[in-house]
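Read through the structure below, which is laid out as structure tokens, and then see the notes.
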Amino acid sequence: MGEMEEVDVDNITTDIPSQKCPLVCESASHACVDRENNPLTGPVFRNPICKVYRFQTVESKWMLVREQMEECTLSFSVPKQLLSLYIQEDVSRVQDLRELGELSPHWDNLRMEVMTRYGGIINSYQETLAELDKVTGQSFKPSCCKAQKSLEFIPINLHTQRMRVTCPRKTDAFYDIVTVGAPAAHFQGFKCGGLQRLLNRYEAEKKSFSTAYQCIYYSPEHTAKAQEVLSTMSLLQPLITGLADQLLQAAQERSSTGLRDALKSLSDKTEQFVHTLKDELVKSALLALHAARPGYVSKNQKQTTAQGGQHQGHIHQGGDQNQTPVQALPGHSPATLITESTAVCNNVEGSQTPTRGESGPLPLKHQDSIPHHKEYDEEEWDRVWANVAKSLNCVIAMVDKLHEDDNSKQDPVPEQQLADVITSHNPGDWREQLCPLVTRLKECVREVVEKAKRAMTFVLLQEAACSIPQGFLLQQRRDVVFSQALAALACGFIMKLHAGIQDKSFLRQLHLVGLVAQFESLLSTYSEEIGMLEDMEVGISDLQKVVFKITKAKTDDLSDLQPLVCGGRDHFTIEVPLPRLVFQTLPEELKEGKPLRVFPVLFNVGINEQQTLAERFGDISLQERINQKNFEMLEAYYKSLSEKVPLECLPCFQTQTDIKGLLETLGQNVVTKKRKNVEILWIAATICRRLNGIRFTSCKSAKDRTSMSVTLEQCALLRDEHQLSKDFFIRALDCMRREGCRIENVQKNIGCRKYAFNMLQLMVFPKCYRPPEGTYGKVDS
């Protein structure tokens with residue numbers, strides 16, 4: 001372990017020259033700050049620190065380099081919004097559990113225990129939110145507070161850094177990076193590992209939990225589906241209701257175009273709604289809920305006919321832990337249902353509401369959908385959601401009839417008859433004829449939502465009951481980690497958006513494909529940092545649930561330019577408001593609010609003495625698995641991008657290696673057995689910049705190792721893109737580390753201008769990650 005760790009860095013560094021480097025480093029005044037008076041970034045970035053350097057090029061000319069580091073207000077605003085959403089979601093979940101209705105004593109006791117657990121989380125989050133509301137005037141959490149309970153949702157040391165370069169033969173260029181401490185639950189600790197390990201262990205043990213608590217075991221896929229159904233219903237029901245009202249408004253105005261457009265949108269959303277609800281999980285959960293009612297007595301297993309599947313036996317009162325959801329009865333797709341019932345509804349006349357039978361949906365039953373003390377009809381759910389499709393087709397048939405009648409009235413008529421036609425024409429007829437059918441459709445949708453909501457809530461009750469108490473603790477840990485990761489992502493996205501707001505190629509890439517967000521991690525795979533990396537892996541992966549949406553600000557006031565987070569744990573949207581004049585310049589797709597995706601990828605290479613121990617005596621399989629998995633994701637993003645956007649739209653760089661070649665090299669490196677193979681990080685960062693992506697760099701606290709990485713990347717860019725003289729590479733690197741923004745970051749975090757390295761650590765660091773003499777010493781952080 002005492003050996004000097006050397007890495008082949010010919011492609012990124014050179015030997016220290018013997019002559020002095022004519023170089024100037026000076027602090028800059030606020031007058032040089034890029035974003036000081038920028039209304040786009042004023043609400044988000046603050047407290048800039050700026051440094052200016054003068055470096056010599058290969059042609060013995062001078063380039064001017066400016067570093068600018070800023071804090072981000074989203075460090076606090078995003079977690080506070082998330083906490084409010086978590087509280088709101090859990091309060092809603094408790095209310096849903098109350099609305100399940102009467103349950104047998106066993107299930108009722110489980111429900112009460114689960115509600116008590118949710119109440120504990122709600123109280124805890126409310127207390128945390130109250131503590132955060134007391135924090136004023138602070139835009140970042142220093143590394144010395146990383147384990148503070150009241151700040152556990154806040155990302156550690158979140159900063160943006162921009163390097164702007166002015167040189168003789170090239171227009172000004174700038175390079176952005178976001179630095180943040182690894183998203184991890186430091187307050188909760190890592191004694192038992194991080195999220196990835198804990199989740200795997202929990203899932204393996206959950207079946208035994210279901211036995212102990214006498215509840216039904218649902219797989220992660222089932223619970224995810226239940227959450228998806230609930231989320232989709234909450235989105236689609238108000239949309240369908242609104243579109244139905246638009247249809248009636250168009251009928252009131254006798255607007256054929258408006259009627260046609262509203263009907264098309266209504267049909268699309270209703271078909272999507274039916275497709276979501278036509279799921280075996282919903283029906284099996286309804287049967288399970290019926291078995292959990294008081295007074296239920298199971299019957300012998302019943303064999304179904306060829307028209308149906310097989311019911312696996314009802315659950316006895318109190319639940320059967322070995323019970324599996326029943327098999328679905330075969331049915332038609334929503335599109336087939338709509339097609340088959342169209343002919344039936346074509347005979348609708350006037351404003352008559354269809355009655356039970358072949359001419360329309362079955363009549364509604366305004367009572368509990370799951371009868372007590374009776375045998376539950378397994379086909380009832382099929383009839384209920386089929387009613388929605390039939391009701392829609394009755395609406396479609398009526399609109400077609402109205403159009404036909406209107407066209408017949410528009411045929412040429414003798415002049416003497418025209419006055420009679422106009423007189424007999426009643427402008428309210430269309431609405432009067434459509435209103436009963438539209439009302440019927442909304443009632444069918446509402447009934448389906450009520451039944452499905454109870455069914456999916458019952459599924460989630462099983463998950464929560466099996467989760468006591470481990471699952472609730474894991475959910476809290478996951479909430480904490482995701483909050484930190486989301487704040488960093490939102491910061492990077494806004495920084496990238498504002499930088500490319502006038503770049504049409506970038507905006508096209510943004511709405512057609514989305515952006516890659518590449519997280520670089522320097523954590524080791526030894527001791528506590530394994531747990532941090534396991535937390536970080538899950539937190540970064542969960543960012544796939546996030547989309548962004550650009551909106552027009554109500555006013556140009558700074559308070560109206562703050563990003564807004566909405567959604568729930570299964571899906572979040574971050575709305576980014578822009579000033580009205582800027583918003584008008586955007587492509588139509590962005591102005592219409594198209595969801596903008598991000599593709600988070602994580603690459604990790606540990607570089608400290610703990611990684612030396614892991615490589616020689618421990619296990620680095622976690623790092624290898626993460627790098628291989630995320631390489632495949634990055635490769636898939638490039639393939640999608642190359643299919644939808646011309647590669648000529650991507651940024652141009654001096655280095656000639658194409659992205660495909662870089663990906664091949666990265667793929668070779670992630671499978672190569674090589675100690676501290678930091679080339680993985682260098683190549684991944686290069687690919688990210690070539691793809692117009694967002695760059696993040698992390699270590700435990702984004703202070704020491706992160707500083708070494710950021711300054712190395714900046715100097716490599718100066719050399720490769722701006723002809724920094726190779727003879728002066730190391731001196732420029734040392735100057736940035738000694739006098740630049742990163743040493744100021746250390747000062748902000750621990751009140752000392754020294755990196756927290758000791759000689760043992762530096763002996764095993766890759767050569768290009770070692771700070772200059774006099775800038776390090778063991779410091780408590």
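We label chains A, B, ... in the order they appear in the structure tokens, count residues from 1 in each chain, and number ligands from 1 in the order shown.
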
So which residues touch Thr179 in chain A within 7 Å, counting only C-alpha atoms, skipping near sequence neighbours fewer than 4 positions away, as an NGL selection string?
:A and (158-160 or 696-698 or 702)

Can you pull out the residues contacting Arg742 in chain A? Cut-off 12 Å, using only C-alpha atoms, and skip same-chain residues under 4 positions away; I want them as a ChimeraX atom specification.
/A:49-51,67-70,157,159-162,179,702-712,714,733-738,746-749,753-755,771,775

Keeping only C-alpha atoms, write those residues as a PDB file, in the first residue's frame.
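See selection37.pdb below for the written result:
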```pdb
ATOM      1  CA  ILE A  49     -16.360  33.837  -6.741  1.00  0.00           C
ATOM      2  CA  CYS A  50     -14.288  34.661  -9.803  1.00  0.00           C
ATOM      3  CA  LYS A  51     -10.614  34.087 -10.646  1.00  0.00           C
ATOM      4  CA  GLU A  67     -13.163  30.645 -13.440  1.00  0.00           C
ATOM      5  CA  GLN A  68     -16.464  31.448 -11.835  1.00  0.00           C
ATOM      6  CA  MET A  69     -17.999  29.431  -8.993  1.00  0.00           C
ATOM      7  CA  GLU A  70     -21.487  30.041  -7.590  1.00  0.00           C
ATOM      8  CA  ASN A 157     -21.656  21.569  -1.068  1.00  0.00           C
ATOM      9  CA  HIS A 159     -21.854  24.566  -6.587  1.00  0.00           C
ATOM     10  CA  THR A 160     -21.652  25.389 -10.259  1.00  0.00           C
ATOM     11  CA  GLN A 161     -18.368  26.203 -11.939  1.00  0.00           C
ATOM     12  CA  ARG A 162     -17.857  27.820 -15.321  1.00  0.00           C
ATOM     13  CA  THR A 179     -19.958  19.790  -8.156  1.00  0.00           C
ATOM     14  CA  ALA A 702     -17.262  17.590  -3.323  1.00  0.00           C
ATOM     15  CA  LYS A 703     -14.337  19.367  -1.723  1.00  0.00           C
ATOM     16  CA  ASP A 704     -10.910  17.701  -2.022  1.00  0.00           C
ATOM     17  CA  ARG A 705     -10.911  14.888  -4.584  1.00  0.00           C
ATOM     18  CA  THR A 706     -13.530  16.789  -6.570  1.00  0.00           C
ATOM     19  CA  SER A 707     -11.236  19.828  -6.677  1.00  0.00           C
ATOM     20  CA  MET A 708      -8.437  17.723  -8.107  1.00  0.00           C
ATOM     21  CA  SER A 709     -10.742  16.326 -10.795  1.00  0.00           C
ATOM     22  CA  VAL A 710     -12.300  19.639 -11.825  1.00  0.00           C
ATOM     23  CA  THR A 711      -8.993  21.460 -12.159  1.00  0.00           C
ATOM     24  CA  LEU A 712      -7.507  18.543 -14.126  1.00  0.00           C
ATOM     25  CA  GLN A 714     -10.185  22.340 -17.015  1.00  0.00           C
ATOM     26  CA  LEU A 733      -2.778  22.942 -13.002  1.00  0.00           C
ATOM     27  CA  ASP A 734      -0.910  23.769  -9.782  1.00  0.00           C
ATOM     28  CA  CYS A 735      -1.890  27.421 -10.086  1.00  0.00           C
ATOM     29  CA  MET A 736      -5.606  26.585 -10.335  1.00  0.00           C
ATOM     30  CA  ARG A 737      -5.355  24.268  -7.349  1.00  0.00           C
ATOM     31  CA  ARG A 738      -3.392  26.746  -5.251  1.00  0.00           C
ATOM     32  CA  VAL A 746     -12.429  24.462   0.716  1.00  0.00           C
ATOM     33  CA  GLN A 747     -12.318  27.727   2.676  1.00  0.00           C
ATOM     34  CA  LYS A 748     -16.118  28.054   2.499  1.00  0.00           C
ATOM     35  CA  ASN A 749     -16.634  24.511   3.765  1.00  0.00           C
ATOM     36  CA  ARG A 753      -7.346  26.899   2.789  1.00  0.00           C
ATOM     37  CA  LYS A 754      -5.883  23.410   2.742  1.00  0.00           C
ATOM     38  CA  TYR A 755      -7.097  20.232   1.097  1.00  0.00           C
ATOM     39  CA  PRO A 771      -2.208  18.880  -5.121  1.00  0.00           C
ATOM     40  CA  THR A 775      -1.852  23.205  -0.180  1.00  0.00           C
TER      41      THR A 775
END
```

Considering only C-alpha atoms, return as a ChimeraX atom specification whatever protein or nucleic-acid residues lie within 7 Å of Asn604 in chain A, sequence-local ones (same chain, fewer than 6 positions apart) excluded.
/A:520-523,623,627

So, counting only C-alpha atoms, which residue among A:Met495, A:Val605, A:Leu74, A:Ala614 is closest to Trp682 in chain A?
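With only C-alpha atoms as the atom set, the closest residue is A:Val605.
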
Using only C-alpha atoms, which of the listed residues (A:Gly751, A:Gly120, A:Cys768, A:Leu473) sits closest to Phe729 in chain A?
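Residue with the minimum atom-to-atom distance to Phe729 in chain A: A:Cys768.
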
Which of these, A:Leu82, A:Lys278, A:His290, A:Tyr53, has the shortest distance to Cys715 in chain A once you count only C-alpha atoms?
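Ranking A:Leu82, A:Lys278, A:His290, A:Tyr53 by distance to Cys715 in chain A, first place goes to A:Tyr53.
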
Could you tell me how far CA of Leu248 in chain A sits from CA of Glu271 in chain A, in Å to one decimal place?
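It comes out at 19.2 Å.
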
Within 10 Å of Gln249 in chain A, counting only C-alpha atoms, which residues show up once you throw out same-chain ones fewer than 5 positions away? Write them as a VMD selection string, please.
chain A and resid 243 to 244 254 to 255 258 to 259 262 430 to 431

Saved selection, atoms kept: all heavy atoms, as an mmCIF file, in the first residue's frame:
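Everything below was put into selection32.cif:
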```cif
data_model
loop_
_atom_site.group_PDB
_atom_site.id
_atom_site.type_symbol
_atom_site.label_atom_id
_atom_site.label_comp_id
_atom_site.auth_asym_id
_atom_site.auth_seq_id
_atom_site.Cartn_x
_atom_site.Cartn_y
_atom_site.Cartn_z
ATOM 1 N N LEU A 243 -62.120 17.320 -21.153
ATOM 2 C CA LEU A 243 -62.360 17.152 -22.587
ATOM 3 C C LEU A 243 -63.838 16.923 -22.871
ATOM 4 O O LEU A 243 -64.360 17.364 -23.907
ATOM 5 C CB LEU A 243 -61.519 15.985 -23.118
ATOM 6 C CG LEU A 243 -60.007 16.233 -23.168
ATOM 7 C CD1 LEU A 243 -59.248 14.943 -23.443
ATOM 8 C CD2 LEU A 243 -59.683 17.284 -24.233
ATOM 9 N N ALA A 244 -64.512 16.211 -21.970
ATOM 10 C CA ALA A 244 -65.953 16.014 -22.134
ATOM 11 C C ALA A 244 -66.687 17.356 -22.069
ATOM 12 O O ALA A 244 -67.619 17.618 -22.852
ATOM 13 C CB ALA A 244 -66.473 15.070 -21.056
ATOM 14 N N ARG A 254 -72.057 24.825 -31.788
ATOM 15 C CA ARG A 254 -72.271 24.183 -33.086
ATOM 16 C C ARG A 254 -71.030 24.307 -33.970
ATOM 17 O O ARG A 254 -71.109 24.594 -35.161
ATOM 18 C CB ARG A 254 -73.500 24.764 -33.793
ATOM 19 C CG ARG A 254 -74.799 24.519 -33.062
ATOM 20 C CD ARG A 254 -75.991 24.954 -33.883
ATOM 21 N NE ARG A 254 -76.194 24.097 -35.052
ATOM 22 C CZ ARG A 254 -76.878 22.950 -35.049
ATOM 23 N NH1 ARG A 254 -77.417 22.521 -33.909
ATOM 24 N NH2 ARG A 254 -77.035 22.272 -36.150
ATOM 25 N N SER A 255 -69.872 24.068 -33.348
ATOM 26 C CA SER A 255 -68.595 24.139 -34.065
ATOM 27 C C SER A 255 -68.177 22.734 -34.486
ATOM 28 O O SER A 255 -67.790 21.915 -33.649
ATOM 29 C CB SER A 255 -67.511 24.762 -33.176
ATOM 30 O OG SER A 255 -66.234 24.598 -33.752
ATOM 31 N N GLY A 258 -64.428 22.231 -33.763
ATOM 32 C CA GLY A 258 -64.196 22.078 -32.333
ATOM 33 C C GLY A 258 -64.719 20.764 -31.804
ATOM 34 O O GLY A 258 -64.092 20.117 -30.959
ATOM 35 N N LEU A 259 -65.876 20.330 -32.334
ATOM 36 C CA LEU A 259 -66.462 19.055 -31.918
ATOM 37 C C LEU A 259 -65.566 17.896 -32.324
ATOM 38 O O LEU A 259 -65.328 16.973 -31.540
ATOM 39 C CB LEU A 259 -67.848 18.913 -32.552
ATOM 40 C CG LEU A 259 -68.842 17.961 -31.881
ATOM 41 C CD1 LEU A 259 -69.176 18.443 -30.481
ATOM 42 C CD2 LEU A 259 -70.101 17.843 -32.728
ATOM 43 N N ALA A 262 -62.251 17.991 -30.163
ATOM 44 C CA ALA A 262 -62.493 17.582 -28.774
ATOM 45 C C ALA A 262 -62.790 16.095 -28.695
ATOM 46 O O ALA A 262 -62.343 15.405 -27.769
ATOM 47 C CB ALA A 262 -63.643 18.396 -28.183
ATOM 48 N N TRP A 430 -77.660 20.307 -30.356
ATOM 49 C CA TRP A 430 -76.463 19.454 -30.282
ATOM 50 C C TRP A 430 -76.101 19.171 -28.833
ATOM 51 O O TRP A 430 -75.833 18.028 -28.457
ATOM 52 C CB TRP A 430 -75.288 20.123 -30.989
ATOM 53 C CG TRP A 430 -75.347 19.990 -32.481
ATOM 54 C CD1 TRP A 430 -76.424 19.648 -33.237
ATOM 55 C CD2 TRP A 430 -74.269 20.210 -33.391
ATOM 56 N NE1 TRP A 430 -76.091 19.638 -34.554
ATOM 57 C CE2 TRP A 430 -74.775 19.982 -34.687
ATOM 58 C CE3 TRP A 430 -72.944 20.599 -33.243
ATOM 59 C CZ2 TRP A 430 -73.979 20.120 -35.833
ATOM 60 C CZ3 TRP A 430 -72.144 20.731 -34.373
ATOM 61 C CH2 TRP A 430 -72.653 20.486 -35.656
ATOM 62 N N ARG A 431 -76.056 20.196 -28.051
ATOM 63 C CA ARG A 431 -75.685 20.003 -26.643
ATOM 64 C C ARG A 431 -76.724 19.152 -25.912
ATOM 65 O O ARG A 431 -76.374 18.276 -25.120
ATOM 66 C CB ARG A 431 -75.526 21.358 -25.951
ATOM 67 C CG ARG A 431 -75.126 21.241 -24.475
ATOM 68 C CD ARG A 431 -75.048 22.591 -23.790
ATOM 69 N NE ARG A 431 -74.744 22.417 -22.380
ATOM 70 C CZ ARG A 431 -73.522 22.394 -21.854
ATOM 71 N NH1 ARG A 431 -72.469 22.530 -22.652
ATOM 72 N NH2 ARG A 431 -73.336 22.217 -20.560
#
```
